[in-house]
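As stored in run-v9.pdb (PDB, C-alpha atoms):
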ATOM      1  CA  THR A   1      50.189  46.404  91.378
ATOM      2  CA  ALA A   2      48.991  48.323  88.314
ATOM      3  CA  GLN A   3      51.949  47.957  85.976
ATOM      4  CA  GLU A   4      51.634  51.259  84.107
ATOM      5  CA  GLN A   5      51.418  53.463  87.186
ATOM      6  CA  GLU A   6      53.435  51.234  89.545
ATOM      7  CA  THR A   7      50.919  51.833  92.307
ATOM      8  CA  THR A   8      49.890  49.200  94.816
ATOM      9  CA  VAL A   9      46.176  48.437  94.560
ATOM     10  CA  TRP A  10      46.134  45.694  97.195
ATOM     11  CA  GLU A  11      48.581  44.187  99.683
ATOM     12  CA  SER A  12      48.201  41.298 102.117
ATOM     13  CA  ILE A  13      49.369  41.126 105.701
ATOM     14  CA  TYR A  14      52.718  39.580 106.633
ATOM     15  CA  TYR A  15      52.174  35.939 107.558
ATOM     16  CA  ASN A  16      54.382  35.371 110.569
ATOM     17  CA  PRO A  17      55.083  31.599 110.673
ATOM     18  CA  ASN A  18      54.642  31.572 114.434
ATOM     19  CA  ASN A  19      51.021  32.619 114.063
ATOM     20  CA  PHE A  20      49.954  31.353 110.652
ATOM     21  CA  ASN A  21      51.492  27.903 110.338
ATOM     22  CA  SER A  22      49.418  25.437 108.258
ATOM     23  CA  ARG A  23      46.491  27.788 107.720
ATOM     24  CA  ALA A  24      44.565  28.893 104.670
ATOM     25  CA  ASP A  25      43.339  32.407 103.928
ATOM     26  CA  THR A  26      41.345  34.000 101.105
ATOM     27  CA  PHE A  27      41.034  37.554  99.788
ATOM     28  CA  ASN A  28      38.746  39.176  97.221
ATOM     29  CA  GLN A  29      39.321  42.466  95.421
ATOM     30  CA  CYS A  30      37.353  44.028  92.545
ATOM     31  CA  LEU A  31      39.699  45.624  89.993
ATOM     32  CA  PRO A  32      39.030  47.553  86.765
ATOM     33  CA  PRO A  33      40.277  46.199  83.403
ATOM     34  CA  GLY A  34      44.001  46.708  82.857
ATOM     35  CA  THR A  35      47.448  45.169  83.164
ATOM     36  CA  TYR A  36      48.568  44.066  86.617
ATOM     37  CA  THR A  37      51.592  42.473  88.264
ATOM     38  CA  PHE A  38      51.059  39.947  91.025
ATOM     39  CA  VAL A  39      54.022  39.856  93.431
ATOM     40  CA  PHE A  40      54.501  37.051  95.948
ATOM     41  CA  SER A  41      57.310  37.641  98.458
ATOM     42  CA  ASP A  42      59.189  35.354 100.821
ATOM     43  CA  ARG A  43      61.845  36.830 103.115
ATOM     44  CA  GLU A  44      63.920  33.643 103.270
ATOM     45  CA  ALA A  45      63.800  33.093  99.481
ATOM     46  CA  ASP A  46      62.697  29.485  99.934
ATOM     47  CA  GLY A  47      58.987  29.942  99.233
ATOM     48  CA  ILE A  48      56.194  28.186 101.087
ATOM     49  CA  CYS A  49      57.045  24.798  99.620
ATOM     50  CA  CYS A  50      58.793  22.473 100.175
ATOM     51  CA  ASN A  51      61.485  22.813 102.877
ATOM     52  CA  HIS A  52      59.148  23.516 105.789
ATOM     53  CA  GLY A  53      55.882  21.997 104.611
ATOM     54  CA  GLU A  54      53.920  22.154 101.372
ATOM     55  CA  GLY A  55      52.139  25.487 101.191
ATOM     56  CA  VAL A  56      50.630  26.895  98.008
ATOM     57  CA  TYR A  57      49.144  30.139  96.715
ATOM     58  CA  LEU A  58      46.669  30.690  93.899
ATOM     59  CA  LEU A  59      45.560  33.785  92.002
ATOM     60  CA  SER A  60      42.260  33.596  90.126
ATOM     61  CA  THR A  61      39.673  35.807  88.466
ATOM     62  CA  GLU A  62      36.100  34.909  87.560
ATOM     63  CA  GLY A  63      36.896  31.282  88.335
ATOM     64  CA  LYS A  64      39.884  31.222  85.972
ATOM     65  CA  VAL A  65      43.229  30.247  87.450
ATOM     66  CA  VAL A  66      45.829  32.933  86.703
ATOM     67  CA  THR A  67      48.835  31.395  88.439
ATOM     68  CA  ILE A  68      49.722  28.844  91.119
ATOM     69  CA  GLY A  69      52.941  28.671  93.101
ATOM     70  CA  GLY A  70      54.710  27.901  96.329
ATOM     71  CA  GLU A  71      58.228  26.719  95.550
ATOM     72  CA  MET A  72      60.672  29.649  95.186
ATOM     73  CA  TYR A  73      64.417  30.258  95.012
ATOM     74  CA  THR A  74      64.284  34.061  95.150
ATOM     75  CA  LYS A  75      62.619  36.530  97.510
ATOM     76  CA  GLU A  76      59.983  37.505  94.943
ATOM     77  CA  ARG A  77      57.951  35.908  92.210
ATOM     78  CA  ARG A  78      56.168  38.197  89.733
ATOM     79  CA  TYR A  79      53.399  37.357  87.281
ATOM     80  CA  VAL A  80      52.042  39.919  84.803
ATOM     81  CA  PHE A  81      48.466  39.448  83.611
ATOM     82  CA  ASP A  82      45.599  41.333  82.011
ATOM     83  CA  LEU A  83      42.032  41.785  83.198
ATOM     84  CA  PRO A  84      39.790  40.480  81.733
ATOM     85  CA  PHE A  85      41.909  37.310  81.793
ATOM     86  CA  GLU A  86      42.013  34.733  79.021
ATOM     87  CA  GLU A  87      43.527  31.389  79.968
ATOM     88  CA  PRO A  88      46.435  30.469  77.665
ATOM     89  CA  GLU A  89      47.069  27.020  76.222
ATOM     90  CA  ALA A  90      49.010  24.608  78.421
ATOM     91  CA  VAL A  91      52.783  24.854  77.851
ATOM     92  CA  ASP A  92      55.565  22.540  79.067
ATOM     93  CA  GLU A  93      58.843  24.266  78.204
ATOM     94  CA  ASN A  94      60.944  22.353  80.748
ATOM     95  CA  ASP A  95      59.579  18.993  79.551
ATOM     96  CA  ASP A  96      58.570  17.747  83.016
ATOM     97  CA  GLY A  97      55.099  16.677  81.934
ATOM     98  CA  LEU A  98      53.421  19.563  83.784
ATOM     99  CA  ASP A  99      51.881  22.816  82.597
ATOM    100  CA  ASP A 100      54.358  25.585  83.477
ATOM    101  CA  ARG A 101      51.602  27.969  84.647
ATOM    102  CA  THR A 102      49.437  25.676  86.787
ATOM    103  CA  GLY A 103      51.599  22.647  87.558
ATOM    104  CA  TRP A 104      48.823  20.331  86.319
ATOM    105  CA  VAL A 105      49.572  17.277  84.200
ATOM    106  CA  MET A 106      49.662  18.197  80.508
ATOM    107  CA  PRO A 107      46.415  17.305  78.661
ATOM    108  CA  PHE A 108      46.373  13.720  77.418
ATOM    109  CA  ASP A 109      46.890  13.531  73.644
ATOM    110  CA  SER A 110      44.130  11.298  72.266
ATOM    111  CA  SER A 111      44.613  12.315  68.621
ATOM    112  CA  LYS A 112      45.688   8.772  67.707
ATOM    113  CA  TYR A 113      42.596   7.225  69.281
ATOM    114  CA  ILE A 114      39.026   6.794  68.036
ATOM    115  CA  GLU A 115      36.298   7.483  70.574
ATOM    116  CA  GLY A 116      34.053   4.468  71.046
ATOM    117  CA  GLU A 117      36.638   2.130  69.568
ATOM    118  CA  THR A 118      40.058   2.666  71.105
ATOM    119  CA  CYS A 119      39.201   5.312  73.708
ATOM    120  CA  GLU A 120      36.229   6.256  75.882
ATOM    121  CA  ASN A 121      34.968   9.607  77.110
ATOM    122  CA  PHE A 122      35.790  10.707  80.660
ATOM    123  CA  HIS A 123      34.010  13.802  81.938
ATOM    124  CA  LEU A 124      34.569  15.410  85.340
ATOM    125  CA  GLU A 125      32.483  18.329  86.580
ATOM    126  CA  LEU A 126      33.607  19.778  89.905
ATOM    127  CA  LYS A 127      32.193  22.654  91.947
ATOM    128  CA  THR A 128      34.464  24.044  94.645
ATOM    129  CA  ASP A 129      33.407  25.302  98.036
ATOM    130  CA  ALA A 130      34.507  28.574  99.640
ATOM    131  CA  TYR A 131      38.091  27.253  99.844
ATOM    132  CA  GLY A 132      38.950  26.010  96.356
ATOM    133  CA  LEU A 133      42.610  26.397  97.313
ATOM    134  CA  GLU A 134      42.234  23.197  99.336
ATOM    135  CA  THR A 135      40.830  21.057  96.498
ATOM    136  CA  THR A 136      42.925  18.965  94.099
ATOM    137  CA  TRP A 137      42.351  15.769  92.102
ATOM    138  CA  ALA A 138      44.309  13.217  90.104
ATOM    139  CA  LEU A 139      43.328  10.459  87.663
ATOM    140  CA  PHE A 140      45.509   7.339  87.508
ATOM    141  CA  GLU A 141      45.674   4.231  85.370
ATOM    142  CA  GLY A 142      45.128   1.099  87.445
ATOM    143  CA  SER A 143      43.671   0.740  90.920
ATOM    144  CA  ASP A 144      45.739   3.179  93.003
ATOM    145  CA  GLU A 145      48.188   6.104  92.962
ATOM    146  CA  SER A 146      51.095   3.922  91.805
ATOM    147  CA  GLY A 147      49.767   3.905  88.232
ATOM    148  CA  ARG A 148      50.428   6.332  85.422
ATOM    149  CA  MET A 149      48.825   9.714  86.038
ATOM    150  CA  PHE A 150      46.596  10.697  83.107
ATOM    151  CA  ALA A 151      45.281  14.004  84.422
ATOM    152  CA  SER A 152      45.234  16.299  87.455
ATOM    153  CA  GLY A 153      43.753  19.586  88.579
ATOM    154  CA  GLY A 154      43.653  22.049  91.429
ATOM    155  CA  PRO A 155      44.055  23.920  93.549
ATOM    156  CA  TYR A 156      41.190  25.995  92.211
ATOM    157  CA  ALA A 157      39.336  29.245  92.702
ATOM    158  CA  SER A 158      36.561  29.268  95.290
ATOM    159  CA  ASP A 159      32.867  28.789  94.484
ATOM    160  CA  ALA A 160      33.591  27.977  90.842
ATOM    161  CA  VAL A 161      32.691  25.156  88.443
ATOM    162  CA  TYR A 162      35.298  23.282  86.402
ATOM    163  CA  GLU A 163      34.777  20.718  83.648
ATOM    164  CA  VAL A 164      37.340  18.314  82.189
ATOM    165  CA  ASP A 165      36.938  16.045  79.138
ATOM    166  CA  TYR A 166      39.341  13.337  77.999
ATOM    167  CA  CYS A 167      39.160  10.340  75.703
ATOM    168  CA  LEU A 168      40.951   7.637  77.679
ATOM    169  CA  PRO A 169      42.325   4.385  76.231
ATOM    170  CA  SER A 170      39.782   1.545  76.361
ATOM    171  CA  GLU A 171      39.981  -1.812  78.117
ATOM    172  CA  GLN A 172      41.607  -0.221  81.119
ATOM    173  CA  GLU A 173      40.975   0.281  84.820
ATOM    174  CA  TYR A 174      41.187   3.824  86.237
ATOM    175  CA  VAL A 175      40.989   5.441  89.645
ATOM    176  CA  LEU A 176      40.083   9.048  90.490
ATOM    177  CA  TYR A 177      41.315  10.663  93.706
ATOM    178  CA  VAL A 178      39.722  13.913  94.909
ATOM    179  CA  TYR A 179      41.608  15.506  97.810
ATOM    180  CA  ASP A 180      40.744  18.144 100.394
ATOM    181  CA  TRP A 181      43.655  19.650 102.333
ATOM    182  CA  ALA A 182      41.490  20.689 105.309
ATOM    183  CA  ARG A 183      40.159  17.123 105.635
ATOM    184  CA  GLU A 184      36.514  18.149 105.605
ATOM    185  CA  GLY A 185      35.509  17.505 101.982
ATOM    186  CA  ILE A 186      33.983  20.198  99.785
ATOM    187  CA  CYS A 187      30.530  20.285 101.389
ATOM    188  CA  CYS A 188      28.835  21.576 103.441
ATOM    189  CA  GLU A 189      30.202  23.854 106.201
ATOM    190  CA  SER A 190      32.219  25.994 103.773
ATOM    191  CA  GLY A 191      29.875  25.988 100.812
ATOM    192  CA  ASN A 192      28.047  23.463  98.658
ATOM    193  CA  GLY A 193      30.780  21.866  96.596
ATOM    194  CA  GLY A 194      30.555  18.504  94.879
ATOM    195  CA  TYR A 195      31.486  16.675  91.697
ATOM    196  CA  ASN A 196      30.260  14.047  89.273
ATOM    197  CA  VAL A 197      31.987  11.675  86.862
ATOM    198  CA  THR A 198      30.394  10.474  83.623
ATOM    199  CA  SER A 199      31.367   8.678  80.434
ATOM    200  CA  GLY A 200      29.409   9.228  77.245
ATOM    201  CA  GLY A 201      26.405  10.428  79.214
ATOM    202  CA  HIS A 202      26.466   7.478  81.633
ATOM    203  CA  VAL A 203      26.785   8.360  85.322
ATOM    204  CA  ILE A 204      29.830   6.756  86.942
ATOM    205  CA  PHE A 205      29.666   8.536  90.286
ATOM    206  CA  GLU A 206      27.940  11.549  91.791
ATOM    207  CA  SER A 207      29.628  12.859  94.912
ATOM    208  CA  THR A 208      27.855  14.832  97.607
ATOM    209  CA  GLY A 209      31.190  16.444  98.479
ATOM    210  CA  VAL A 210      31.003  15.006 101.987
ATOM    211  CA  PHE A 211      34.225  13.156 102.756
ATOM    212  CA  ASP A 212      37.388  13.515 104.826
ATOM    213  CA  ASP A 213      40.808  14.137 103.253
ATOM    214  CA  LYS A 214      40.084  12.255 100.001
ATOM    215  CA  GLU A 215      37.463  10.342  98.056
ATOM    216  CA  ILE A 216      38.461   7.510  95.718
ATOM    217  CA  THR A 217      36.486   6.183  92.745
ATOM    218  CA  GLN A 218      37.605   3.137  90.750
ATOM    219  CA  PHE A 219      36.032   2.361  87.373
ATOM    220  CA  TYR A 220      36.666   0.463  84.149
ATOM    221  CA  LEU A 221      36.376   1.710  80.574
ATOM    222  CA  PRO A 222      34.439   0.983  78.500
ATOM    223  CA  LEU A 223      31.369   0.911  80.717
ATOM    224  CA  PRO A 224      28.652  -1.693  80.127
ATOM    225  CA  ASP A 225      26.422  -0.977  77.127
ATOM    226  CA  LEU A 226      23.722   0.904  79.000
ATOM    227  CA  PRO A 227      21.310   3.632  77.850
ATOM    228  CA  SER A 228      22.023   7.188  78.970
ATOM    229  CA  ALA A 229      20.495   7.676  82.386
ATOM    230  CA  SER A 230      18.407  10.536  83.650
ATOM    231  CA  PRO A 231      19.190  11.728  87.194
ATOM    232  CA  SER A 232      16.239   9.684  88.525
ATOM    233  CA  GLU A 233      17.313   6.558  86.625
ATOM    234  CA  ALA A 234      21.017   6.545  87.338
ATOM    235  CA  PRO A 235      22.599   3.083  86.963
ATOM    236  CA  THR A 236      23.598   1.336  90.146
ATOM    237  CA  ARG A 237      27.184   1.108  91.288
ATOM    238  CA  SER A 238      27.421  -2.603  90.345
ATOM    239  CA  GLN A 239      26.097  -1.912  86.841
ATOM    240  CA  LEU A 240      28.836   0.616  86.257
ATOM    241  CA  SER A 241      31.681  -1.478  87.636
ATOM    242  CA  ILE A 242      32.888   1.187  90.069
ATOM    243  CA  THR A 243      34.000   1.212  93.645
ATOM    244  CA  THR A 244      34.125   4.326  95.780
ATOM    245  CA  PHE A 245      36.040   4.784  99.006
ATOM    246  CA  PRO A 246      34.795   7.910 100.802
ATOM    247  CA  THR A 247      36.595   8.612 104.044
ATOM    248  CA  THR A 248      34.783   9.317 107.259
ATOM    249  CA  SER A 249      33.348  12.812 107.404
ATOM    250  CA  PRO A 250      35.035  14.875 110.150
ATOM    251  CA  THR A 251      33.366  17.005 112.742
ATOM    252  CA  PRO A 252      32.186  20.157 110.909
ATOM    253  CA  GLU A 253      34.238  23.278 111.465
ATOM    254  CA  THR A 254      32.609  26.553 110.552
ATOM    255  CA  SER A 255      34.722  29.085 108.697
ATOM    256  CA  THR A 256      34.059  31.914 106.292
ATOM    257  CA  PRO A 257      36.067  33.453 103.422
ATOM    258  CA  GLY A 258      38.430  36.140 104.624
ATOM    259  CA  GLU A 259      39.111  34.429 107.944
ATOM    260  CA  ILE A 260      42.356  32.653 108.743
ATOM    261  CA  ARG A 261      41.542  28.961 108.412
ATOM    262  CA  GLU A 262      43.264  26.446 110.678
ATOM    263  CA  GLY A 263      44.642  23.515 108.717
ATOM    264  CA  PRO A 264      45.081  19.902 109.796
ATOM    265  CA  GLY A 265      48.834  20.273 110.161
ATOM    266  CA  SER A 266      49.493  18.130 107.104
ATOM    267  CA  SER A 267      50.763  19.034 103.681
ATOM    268  CA  PHE A 268      48.888  19.502 100.449
ATOM    269  CA  PRO A 269      48.743  16.339  98.304
ATOM    270  CA  THR A 270      52.085  15.647  96.666
ATOM    271  CA  THR A 271      50.805  13.337  93.943
ATOM    272  CA  LEU A 272      50.735  15.901  91.151
ATOM    273  CA  VAL A 273      53.922  14.606  89.550
ATOM    274  CA  PRO A 274      53.703  12.078  86.700
ATOM    275  CA  THR A 275      54.877   8.598  87.605
ATOM    276  CA  ALA A 276      56.296   5.936  85.359
ATOM    277  CA  SER A 277      53.744   3.802  83.553
ATOM    278  CA  PRO A 278      53.453   0.389  85.230
ATOM    279  CA  SER A 279      52.913  -2.964  83.615
ATOM    280  CA  PRO A 280      49.350  -3.368  82.285
ATOM    281  CA  ALA A 281      46.934  -4.073  85.089
ATOM    282  CA  SER A 282      45.549  -7.588  84.991
ATOM    283  CA  SER A 283      42.735  -7.145  87.498
ATOM    284  CA  THR A 284      39.328  -5.573  87.013
ATOM    285  CA  ILE A 285      36.747  -4.326  89.468
ATOM    286  CA  ASP A 286      34.131  -6.885  90.448
ATOM    287  CA  GLU A 287      30.851  -5.780  88.865
ATOM    288  CA  ASN A 288      28.973  -7.322  91.768
ATOM    289  CA  ALA A 289      30.990  -5.532  94.442
TER     290      ALA A 289
END
Show me, as structure tokens, the structure contained in the file I just sent.
Amino acid sequence: TAQEQETTVWESIYYNPNNFNSRADTFNQCLPPGTYTFVFSDREADGICCNHGEGVYLLSTEGKVVTIGGEMYTKERRYVFDLPFEEPEAVDENDDGLDDRTGWVMPFDSSKYIEGETCENFHLELKTDAYGLETTWALFEGSDESGRMFASGGPYASDAVYEVDYCLPSEQEYVLYVYDWAREGICCESGNGGYNVTSGGHVIFESTGVFDDKEITQFYLPLPDLPSASPSEAPTRSQLSITTFPTTSPTPETSTPGEIREGPGSSFPTTLVPTASPSPASSTIDENA
């Protein structure tokens, strides 16, 4: 809705739960610069999360996430924004450890650390497929999801590239989970998504985007003292002390943006809530694994 004129510029269909249960849908609309109000309505005032499943909606522009939601206690949720859109700084007014606008974990504060001495660079570059709404990720301390969550992201806009940089405490094991709600990865039937993980220019893992519901990468920081690698000279997995656990790729299912997309009948990942920090991990990944 254009706020000044109070005229509707675009409106979706009504998603009857009998026909659209556990499905994803995408819409695209080109709008002129101005101030707009995004209105998401739910007749039962309980949103699309979390009493009857874990649905989610996302509004984006030019790859920038405007707002994410799903859990509601009223029949409407309104969000006023300007086009062109400038992403604001992360804010956590309710002190739950999550950004109020996106629900992502607040950026890790490394101001007390020194890169190369007490912390090491972590860089994630992720390209979404045609259904960025289905893609999320989380970075944990330790070897699994029970550890402290250092960072998270998604859902995202479709066909967009996102980059994340952190300086993570050294002498520590980490594990990265990348999830896909539709259980078909982020390549290749719905676009050519993928991601790569590096530290200080060293390649930790380059994903093809072909996996099932999630792909798991374990690694230890700092990495071995290796020269920066060109794409043709990437260090081997054993050199970089990482272990990846891609799930079996499912049977491809063709779908295109704008079509109702049948989901697997499961919920979106529910791991995007910070957990208590565990005791320091005593195990490391076998470099010869």
Practice item. List the residues selected by the PyMOL selection byres ((chain A and resi 90) around 10) in the file shown, writing them as a PyMOL selection string. Key: chain A and resi 87-89+91-93+98-107
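CA of Gly193 (chain A) is found 9.2 Å from CA of Ser207 (chain A).
Restricting the calculation to all atoms listed in the file, the smallest distance between Val161 (chain A) and any of A:Trp137, A:Tyr179, A:Phe85, A:Tyr195 is found for A:Tyr195.
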Point to revise | Resolved residues for the PyMOL selection byres ((chain A and resi 52) around 12) as a VMD selection string | key: chain A and resid 17 21 to 22 44 46 to 51 53 to 55 70 to 71 265 to 267
**Study point:** Of the listed residues A:Glu206, A:Glu184, A:Glu134, A:Asp165, that which approaches Thr26 (chain A) most closely, counting all atoms listed in the file
**Key:**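 Using all atoms listed in the file, Thr26 (chain A) sits closest to A:Glu134.
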Check your understanding: So what do you get for CA of Gly200 (chain A) versus CA of Ser152 (chain A), distance-wise?
Key ->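 The value is 20.1 Å.
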**Study point:** Atomic distance CA of Ser199 (chain A) - CA of Cys167 (chain A), expressed in Å with one decimal
**Key:**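 Answer for the CA of Ser199 (chain A) to CA of Cys167 (chain A) separation: 9.3 Å.
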Practice item. Find the residues around Glu117 (chain A) up to 12 Å (all atoms listed in the file counted), leave out those fewer than 5 positions away in its own chain, and share them as JSON, numbers by chain. Key: {"A": [112, 167, 168, 169, 170, 171, 221, 222]}
Check your understanding: Neighbours of Tyr14 (chain A) within 12 Å (all atoms listed in the file; same-chain residues fewer than 2 positions away dropped), as a ChimeraX atom specification?
Key -> /A:11-12,16-20,40-43
Residue selection dump (C-alpha atoms) as a short mmCIF file (atom, residue, chain, number, x, y, z; two decimals), in the coordinates of the input:
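Saved result, part32.cif, follows:
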data_model
loop_
_atom_site.label_atom_id
_atom_site.label_comp_id
_atom_site.auth_asym_id
_atom_site.auth_seq_id
_atom_site.Cartn_x
_atom_site.Cartn_y
_atom_site.Cartn_z
CA GLU A 11 48.58 44.19 99.68
CA SER A 12 48.20 41.30 102.12
CA ASN A 16 54.38 35.37 110.57
CA PRO A 17 55.08 31.60 110.67
CA ASN A 18 54.64 31.57 114.43
CA ASN A 19 51.02 32.62 114.06
CA PHE A 20 49.95 31.35 110.65
CA PHE A 40 54.50 37.05 95.95
CA SER A 41 57.31 37.64 98.46
CA ASP A 42 59.19 35.35 100.82
CA ARG A 43 61.84 36.83 103.12
#
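Using only C-alpha atoms, the smallest distance between any of A:Thr35, A:Thr118, A:Thr136, A:Ser110 and Val56 (chain A) comes from A:Thr136.
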Write out N, CA and C atoms for region 174-186 of chain A, as a short mmCIF file (atom, residue, chain, number, x, y, z; two decimals), in the coordinates of the input.
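Result went into selection-v3.cif, see below:
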data_model
loop_
_atom_site.label_atom_id
_atom_site.label_comp_id
_atom_site.auth_asym_id
_atom_site.auth_seq_id
_atom_site.Cartn_x
_atom_site.Cartn_y
_atom_site.Cartn_z
N TYR A 174 40.75 2.50 85.82
CA TYR A 174 41.19 3.82 86.24
C TYR A 174 40.73 4.09 87.67
N VAL A 175 41.40 5.04 88.30
CA VAL A 175 40.99 5.44 89.64
C VAL A 175 41.13 6.95 89.77
N LEU A 176 40.10 7.60 90.29
CA LEU A 176 40.08 9.05 90.49
C LEU A 176 40.19 9.35 91.98
N TYR A 177 41.15 10.19 92.33
CA TYR A 177 41.32 10.66 93.71
C TYR A 177 40.93 12.14 93.74
N VAL A 178 40.04 12.51 94.65
CA VAL A 178 39.72 13.91 94.91
C VAL A 178 40.15 14.20 96.35
N TYR A 179 41.01 15.21 96.51
CA TYR A 179 41.61 15.51 97.81
C TYR A 179 41.08 16.82 98.39
N ASP A 180 41.04 16.88 99.71
CA ASP A 180 40.74 18.14 100.39
C ASP A 180 41.76 18.34 101.51
N TRP A 181 42.57 19.40 101.39
CA TRP A 181 43.66 19.65 102.33
C TRP A 181 43.17 19.81 103.77
N ALA A 182 42.00 20.43 103.96
CA ALA A 182 41.49 20.69 105.31
C ALA A 182 40.82 19.46 105.92
N ARG A 183 40.73 18.37 105.14
CA ARG A 183 40.16 17.12 105.64
C ARG A 183 38.70 17.24 106.05
N GLU A 184 37.94 18.05 105.31
CA GLU A 184 36.51 18.15 105.60
C GLU A 184 35.68 18.12 104.34
N GLY A 185 36.26 17.58 103.22
CA GLY A 185 35.51 17.50 101.98
C GLY A 185 35.24 18.87 101.39
N ILE A 186 34.31 18.93 100.45
CA ILE A 186 33.98 20.20 99.78
C ILE A 186 32.51 20.57 100.00
#
